[in-house]
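Student: First, the structure itself, so that you have it in front of you.
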Amino acid sequence: IQRLTLLWSQKGVCIMEEIDKEKLPHHIAIIMDGNGRWAKKKFLNRISGHIKGVKAVREVVTACRELGIKVLTLYAFSIENWRRPAEEVNALMGLLKEYLQKECAEMVQNNIRLNAIGRVEDLPLDVQTTLRETLEKTKPCDGMILNLALSYGGRSEILHAVQGILSDLQKGKSKLEEMTVQRFHEYLWTHGIPDPDLLIRTSGEFRVSNFLLWQIAYTELYVTDTLWPDFDRKELLKAIADYQSRERRFGLTSEQLNGREE
Ligand code: FPP
């Protein structure tokens, strides 16, 4: 087994943590929270927190690619976020556009395919254009999926799926009795993407905030007090090490999982 040994210093103590490269989460999802608090602590405005947040996005995307994570989903903008002050919404939209423009070539070079989930039609038209271009250019990439949740809400996604199902039933394209959990997934914005194995939330809040409600049924949750702008490669490795220490039972018993019982 290929093992990656990591060393880091925490509170002056040297901790050694091992990441098993054979047992990496296939899909990591992140609720990037705490940009505002990070800025407040430093007597800066909220937008400065988001700017530092984009730097953290870059570092985490690179770290995931280098580790061999196959899907990274980032909660970049929720449907509820539209209710924030216009100045902050505009700044976030600007940062998103700038990120896509700046990172597109590097994504292609690093074989990263961009995907977007959410009501992307709500985004300003110029952001939609940049997004479409980036999606198109990175389409042939198959090393990793960077999945951005934009104007996303879990309940809206489920509702959208139900509407799709009803419409197909009406058109005679599918039958009610043929509907299964697997087929339901095909109507979600995440169709074709396996459910997250690990959901990370920064800044200490124990909430799922309308994120991937259907998909996180069996996802391991990891909450850290670290604020998103301070989240880096080391923090990501800590989260993965914690994930690897858990036993995922999917409703079975430990004995069944370890092959001691039918
Ligand atoms: C939460 O912090 C963060 C957001 C609402 C936006 C996340 C966006 C980015 C990191 C930048 C843009 C993203 C990409 C992919 C380029 P908060 O403002 O809710 O923090 P608070 O709870 O401390 O106020």
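Chain identifiers are assigned as A, B, and so on, following the order in which chains appear in the structure tokens; residues are numbered from 1 within each chain, and ligands are numbered from 1 in order of appearance.
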Please list as a list of chain:residue names every residue within 12 Å of Glu106 of chain A, counting only C-alpha atoms and excluding residues in the same chain fewer than 3 positions away.
Tutor: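 Here the answer would be A:Arg58, A:Val61, A:Thr62, A:Arg65, A:Tyr99, A:Leu100, A:Gln101, A:Lys102, A:Glu103, A:Gln109, A:Asn110, A:Asn111, A:Ile112, A:Arg113, A:Leu114, A:Thr134, A:Lys137, A:Thr138, A:Cys141.
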Student: Write the residues of the selection above to a file with N, CA, C and O atoms, as an mmCIF file, in the first residue's frame.
Tutor:
```cif
data_model
loop_
_atom_site.group_PDB
_atom_site.id
_atom_site.type_symbol
_atom_site.label_atom_id
_atom_site.label_comp_id
_atom_site.auth_asym_id
_atom_site.auth_seq_id
_atom_site.Cartn_x
_atom_site.Cartn_y
_atom_site.Cartn_z
ATOM 1 N N ARG A 58 -8.043 28.012 -4.422
ATOM 2 C CA ARG A 58 -6.929 27.609 -5.306
ATOM 3 C C ARG A 58 -6.061 26.542 -4.649
ATOM 4 O O ARG A 58 -5.735 25.526 -5.260
ATOM 5 N N VAL A 61 -7.973 23.160 -4.339
ATOM 6 C CA VAL A 61 -8.149 22.492 -5.637
ATOM 7 C C VAL A 61 -6.827 21.815 -6.034
ATOM 8 O O VAL A 61 -6.798 20.646 -6.418
ATOM 9 N N THR A 62 -5.731 22.540 -5.900
ATOM 10 C CA THR A 62 -4.414 21.988 -6.247
ATOM 11 C C THR A 62 -4.103 20.766 -5.381
ATOM 12 O O THR A 62 -3.670 19.729 -5.888
ATOM 13 N N ARG A 65 -6.144 17.775 -6.438
ATOM 14 C CA ARG A 65 -5.654 17.211 -7.704
ATOM 15 C C ARG A 65 -4.379 16.402 -7.471
ATOM 16 O O ARG A 65 -4.246 15.279 -7.947
ATOM 17 N N TYR A 99 -12.036 34.294 -11.156
ATOM 18 C CA TYR A 99 -11.450 32.983 -10.865
ATOM 19 C C TYR A 99 -11.523 32.096 -12.109
ATOM 20 O O TYR A 99 -10.542 31.474 -12.506
ATOM 21 N N LEU A 100 -12.704 32.073 -12.741
ATOM 22 C CA LEU A 100 -12.897 31.215 -13.912
ATOM 23 C C LEU A 100 -11.967 31.652 -15.048
ATOM 24 O O LEU A 100 -11.336 30.816 -15.701
ATOM 25 N N GLN A 101 -11.880 32.968 -15.248
ATOM 26 C CA GLN A 101 -11.029 33.471 -16.333
ATOM 27 C C GLN A 101 -9.560 33.149 -16.081
ATOM 28 O O GLN A 101 -8.846 32.727 -16.975
ATOM 29 N N LYS A 102 -9.132 33.353 -14.829
ATOM 30 C CA LYS A 102 -7.721 33.145 -14.490
ATOM 31 C C LYS A 102 -7.336 31.676 -14.483
ATOM 32 O O LYS A 102 -6.216 31.312 -14.829
ATOM 33 N N GLU A 103 -8.254 30.829 -14.031
ATOM 34 C CA GLU A 103 -7.905 29.424 -13.798
ATOM 35 C C GLU A 103 -8.184 28.503 -14.979
ATOM 36 O O GLU A 103 -7.734 27.358 -14.975
ATOM 37 N N GLN A 109 -4.803 22.469 -18.443
ATOM 38 C CA GLN A 109 -3.441 21.921 -18.327
ATOM 39 C C GLN A 109 -3.384 20.790 -17.289
ATOM 40 O O GLN A 109 -2.681 19.805 -17.466
ATOM 41 N N ASN A 110 -4.138 20.960 -16.209
ATOM 42 C CA ASN A 110 -4.118 19.964 -15.130
ATOM 43 C C ASN A 110 -5.219 18.914 -15.248
ATOM 44 O O ASN A 110 -5.464 18.155 -14.318
ATOM 45 N N ASN A 111 -5.877 18.918 -16.399
ATOM 46 C CA ASN A 111 -6.893 17.892 -16.686
ATOM 47 C C ASN A 111 -8.077 17.929 -15.712
ATOM 48 O O ASN A 111 -8.591 16.901 -15.289
ATOM 49 N N ILE A 112 -8.483 19.147 -15.320
ATOM 50 C CA ILE A 112 -9.613 19.315 -14.398
ATOM 51 C C ILE A 112 -10.844 19.751 -15.194
ATOM 52 O O ILE A 112 -10.798 20.753 -15.926
ATOM 53 N N ARG A 113 -11.930 19.013 -15.055
ATOM 54 C CA ARG A 113 -13.176 19.407 -15.727
ATOM 55 C C ARG A 113 -14.049 20.187 -14.759
ATOM 56 O O ARG A 113 -14.292 19.737 -13.636
ATOM 57 N N LEU A 114 -14.494 21.350 -15.217
ATOM 58 C CA LEU A 114 -15.392 22.146 -14.384
ATOM 59 C C LEU A 114 -16.822 21.663 -14.593
ATOM 60 O O LEU A 114 -17.206 21.291 -15.701
ATOM 61 N N THR A 134 -15.840 28.231 -19.833
ATOM 62 C CA THR A 134 -14.942 27.382 -19.030
ATOM 63 C C THR A 134 -15.440 25.934 -19.041
ATOM 64 O O THR A 134 -14.635 25.000 -19.135
ATOM 65 N N LYS A 137 -14.455 24.546 -22.471
ATOM 66 C CA LYS A 137 -13.016 24.319 -22.655
ATOM 67 C C LYS A 137 -12.497 23.151 -21.824
ATOM 68 O O LYS A 137 -11.543 22.484 -22.210
ATOM 69 N N THR A 138 -13.105 22.929 -20.654
ATOM 70 C CA THR A 138 -12.584 21.869 -19.778
ATOM 71 C C THR A 138 -13.321 20.536 -19.988
ATOM 72 O O THR A 138 -13.020 19.553 -19.315
ATOM 73 N N CYS A 141 -11.492 17.193 -20.245
ATOM 74 C CA CYS A 141 -10.619 16.807 -19.117
ATOM 75 C C CYS A 141 -11.272 15.705 -18.290
ATOM 76 O O CYS A 141 -12.477 15.752 -18.027
#
```
Student: Please give me, as a PyMOL selection string, the residues lying within 7 Å of ligand 1 when counting only C-alpha atoms and all ligand atoms.
Tutor: chain A and resi 32-38+46+50-51+53-54+57+74-77+81+92+95-96+99+148
Student: Just the residues within 12 Å of segment 175-186 of chain A, please, counting only C-alpha atoms, with nothing from its chain fewer than 3 positions along; format it as a PDB file with C-alpha atoms, in the first residue's frame.
Tutor:
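Saved the output as result-v1.pdb:
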```
ATOM      1  CA  GLU A 157     -32.585  20.716  -6.528  1.00  0.00           C
ATOM      2  CA  ILE A 158     -34.988  18.066  -5.198  1.00  0.00           C
ATOM      3  CA  LEU A 159     -37.985  20.087  -6.380  1.00  0.00           C
ATOM      4  CA  HIS A 160     -36.380  20.492  -9.809  1.00  0.00           C
ATOM      5  CA  ALA A 161     -35.885  16.710  -9.947  1.00  0.00           C
ATOM      6  CA  VAL A 162     -39.528  16.058  -9.019  1.00  0.00           C
ATOM      7  CA  GLN A 163     -40.661  18.481 -11.734  1.00  0.00           C
ATOM      8  CA  GLY A 164     -38.480  16.635 -14.265  1.00  0.00           C
ATOM      9  CA  ILE A 165     -39.922  13.294 -13.205  1.00  0.00           C
ATOM     10  CA  LEU A 166     -43.533  14.548 -13.421  1.00  0.00           C
ATOM     11  CA  SER A 167     -42.875  16.017 -16.837  1.00  0.00           C
ATOM     12  CA  ASP A 168     -41.407  12.705 -18.085  1.00  0.00           C
ATOM     13  CA  LEU A 169     -44.372  10.804 -16.617  1.00  0.00           C
ATOM     14  CA  GLN A 170     -46.778  13.130 -18.407  1.00  0.00           C
ATOM     15  CA  LYS A 171     -44.944  12.630 -21.694  1.00  0.00           C
ATOM     16  CA  GLY A 172     -45.006   8.869 -21.168  1.00  0.00           C
ATOM     17  CA  TRP A 189     -28.143  18.453 -10.847  1.00  0.00           C
ATOM     18  CA  THR A 190     -25.426  16.031  -9.670  1.00  0.00           C
ATOM     19  CA  HIS A 191     -26.461  13.280 -12.109  1.00  0.00           C
ATOM     20  CA  GLY A 192     -23.442  11.247 -13.145  1.00  0.00           C
ATOM     21  CA  ILE A 193     -21.511  12.278 -10.035  1.00  0.00           C
ATOM     22  CA  PRO A 194     -21.264   9.820  -7.124  1.00  0.00           C
ATOM     23  CA  ASP A 195     -22.417  11.037  -3.685  1.00  0.00           C
ATOM     24  CA  LEU A 212     -26.598  18.418  -1.202  1.00  0.00           C
ATOM     25  CA  LEU A 213     -29.520  17.244   0.945  1.00  0.00           C
ATOM     26  CA  TRP A 214     -30.228  14.120  -1.102  1.00  0.00           C
ATOM     27  CA  GLN A 215     -26.601  13.230  -1.729  1.00  0.00           C
ATOM     28  CA  ALA A 217     -27.388  10.493   3.195  1.00  0.00           C
TER      29      ALA A 217
END
```
Student: Just asking: which residues within segment 79-242 of chain A are strand (DSSP E) according to DSSP, as a list in words?
Tutor: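 Across segment 79-242 of chain A, those assigned strand (DSSP E) are Ile112, Arg113, Leu114, Asn115, Ala116, Ile117, Met144, Ile145, Leu146, Asn147, Leu148, Ala149, Leu150, Ser151, Tyr152, Leu198, Leu199, Ile200, Arg201, Glu220, Leu221, Tyr222 and Val223 of chain A.
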Student: Quick one: residues within 9 Å of Tyr222 of chain A, only C-alpha atoms counted, chain neighbours fewer than 3 positions away excluded, as an mmCIF file with N, CA, C and O atoms, in the first residue's frame?
Tutor:
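Dumped everything to out28.cif:
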```
data_model
loop_
_atom_site.group_PDB
_atom_site.id
_atom_site.type_symbol
_atom_site.label_atom_id
_atom_site.label_comp_id
_atom_site.auth_asym_id
_atom_site.auth_seq_id
_atom_site.Cartn_x
_atom_site.Cartn_y
_atom_site.Cartn_z
ATOM 1 N N LEU A 198 -17.061 12.532 1.857
ATOM 2 C CA LEU A 198 -16.674 13.399 2.973
ATOM 3 C C LEU A 198 -17.220 14.806 2.750
ATOM 4 O O LEU A 198 -17.031 15.373 1.665
ATOM 5 N N LEU A 199 -17.908 15.331 3.768
ATOM 6 C CA LEU A 199 -18.377 16.725 3.711
ATOM 7 C C LEU A 199 -17.652 17.510 4.790
ATOM 8 O O LEU A 199 -17.744 17.192 5.980
ATOM 9 N N ILE A 200 -16.914 18.517 4.361
ATOM 10 C CA ILE A 200 -16.165 19.365 5.300
ATOM 11 C C ILE A 200 -16.926 20.674 5.470
ATOM 12 O O ILE A 200 -17.380 21.261 4.490
ATOM 13 N N ARG A 201 -17.068 21.122 6.720
ATOM 14 C CA ARG A 201 -17.607 22.460 6.955
ATOM 15 C C ARG A 201 -16.626 23.237 7.809
ATOM 16 O O ARG A 201 -16.216 22.766 8.876
ATOM 17 N N THR A 202 -16.264 24.395 7.362
ATOM 18 C CA THR A 202 -15.330 25.218 8.131
ATOM 19 C C THR A 202 -16.092 26.159 9.062
ATOM 20 O O THR A 202 -17.300 26.316 8.951
ATOM 21 N N ALA A 239 -8.473 16.579 7.642
ATOM 22 C CA ALA A 239 -9.855 16.124 7.425
ATOM 23 C C ALA A 239 -9.863 14.724 6.803
ATOM 24 O O ALA A 239 -10.648 13.860 7.207
ATOM 25 N N ASP A 242 -8.904 12.114 9.368
ATOM 26 C CA ASP A 242 -10.035 11.867 10.263
ATOM 27 C C ASP A 242 -11.057 10.951 9.578
ATOM 28 O O ASP A 242 -11.545 9.988 10.172
ATOM 29 N N TYR A 243 -11.330 11.251 8.326
ATOM 30 C CA TYR A 243 -12.262 10.432 7.534
ATOM 31 C C TYR A 243 -11.791 8.970 7.486
ATOM 32 O O TYR A 243 -12.573 8.037 7.644
#
```
Student: Could you make a table, as JSON lines, of the residues of segment 60-139 of chain A that have an atom within 10 Å of an atom of segment 20-23 of chain A, each with its nearest atom pair and distance in Å to one decimal, counting only C-alpha atoms, in chain and number order?
Tutor:
```
{"residue": "A:Leu67", "atom": "CA", "partner": "A:Lys21", "partner_atom": "CA", "distance": 7.8}
{"residue": "A:Gly68", "atom": "CA", "partner": "A:Lys21", "partner_atom": "CA", "distance": 8.3}
{"residue": "A:Ile69", "atom": "CA", "partner": "A:Lys21", "partner_atom": "CA", "distance": 9.7}
```
Student: Please produce an output containing N, CA and C atoms for each residue in the selection, written as an mmCIF file, in the first residue's frame.
Tutor:
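Output contents, as saved in result.cif:
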```cif
data_model
loop_
_atom_site.group_PDB
_atom_site.id
_atom_site.type_symbol
_atom_site.label_atom_id
_atom_site.label_comp_id
_atom_site.auth_asym_id
_atom_site.auth_seq_id
_atom_site.Cartn_x
_atom_site.Cartn_y
_atom_site.Cartn_z
ATOM 1 N N LEU A 67 -3.393 14.978 -4.767
ATOM 2 C CA LEU A 67 -3.660 13.764 -3.983
ATOM 3 C C LEU A 67 -4.351 12.678 -4.807
ATOM 4 N N GLY A 68 -5.100 13.114 -5.816
ATOM 5 C CA GLY A 68 -5.845 12.149 -6.635
ATOM 6 C C GLY A 68 -7.321 12.042 -6.260
ATOM 7 N N ILE A 69 -7.856 13.107 -5.653
ATOM 8 C CA ILE A 69 -9.297 13.167 -5.358
ATOM 9 C C ILE A 69 -10.014 13.322 -6.701
#
```
Student: Mind listing the alpha helix (DSSP H) residues of segment 9-141 of chain A, per DSSP on the backbone, as number ranges by chain?
Tutor: A: 35-41, 46-67, 86-109, 125-138
Student: Here is a test: counting only C-alpha atoms, which residue of A:Ser254, A:Pro140, A:Ile31, A:Leu24 is nearest to Thr224 of chain A?
Tutor: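 Closest candidate: A:Ile31.
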Student: Could you check which of A:Val60, A:Arg132, A:Tyr152, A:Lys238 is closest to Glu80 of chain A, using only C-alpha atoms?
Tutor: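 Closest to Glu80 of chain A of all the choices is A:Tyr152.
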Student: At what distance in Å, to one decimal, does atom CA of Tyr218 of chain A lie from atom CA of Phe250 of chain A?
Tutor: 6.5 Å
Student: To one decimal place, how far is atom CA of Leu188 of chain A from atom CA of Arg119 of chain A in Å?
Tutor: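 Here the two named atoms are 12.0 Å from each other.
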Student: Excluding same-chain residues fewer than 6 positions from His27 of chain A, what lies within 6 Å of it counting only C-alpha atoms, as a PyMOL selection string?
Tutor: chain A and resi 71-72+196-197
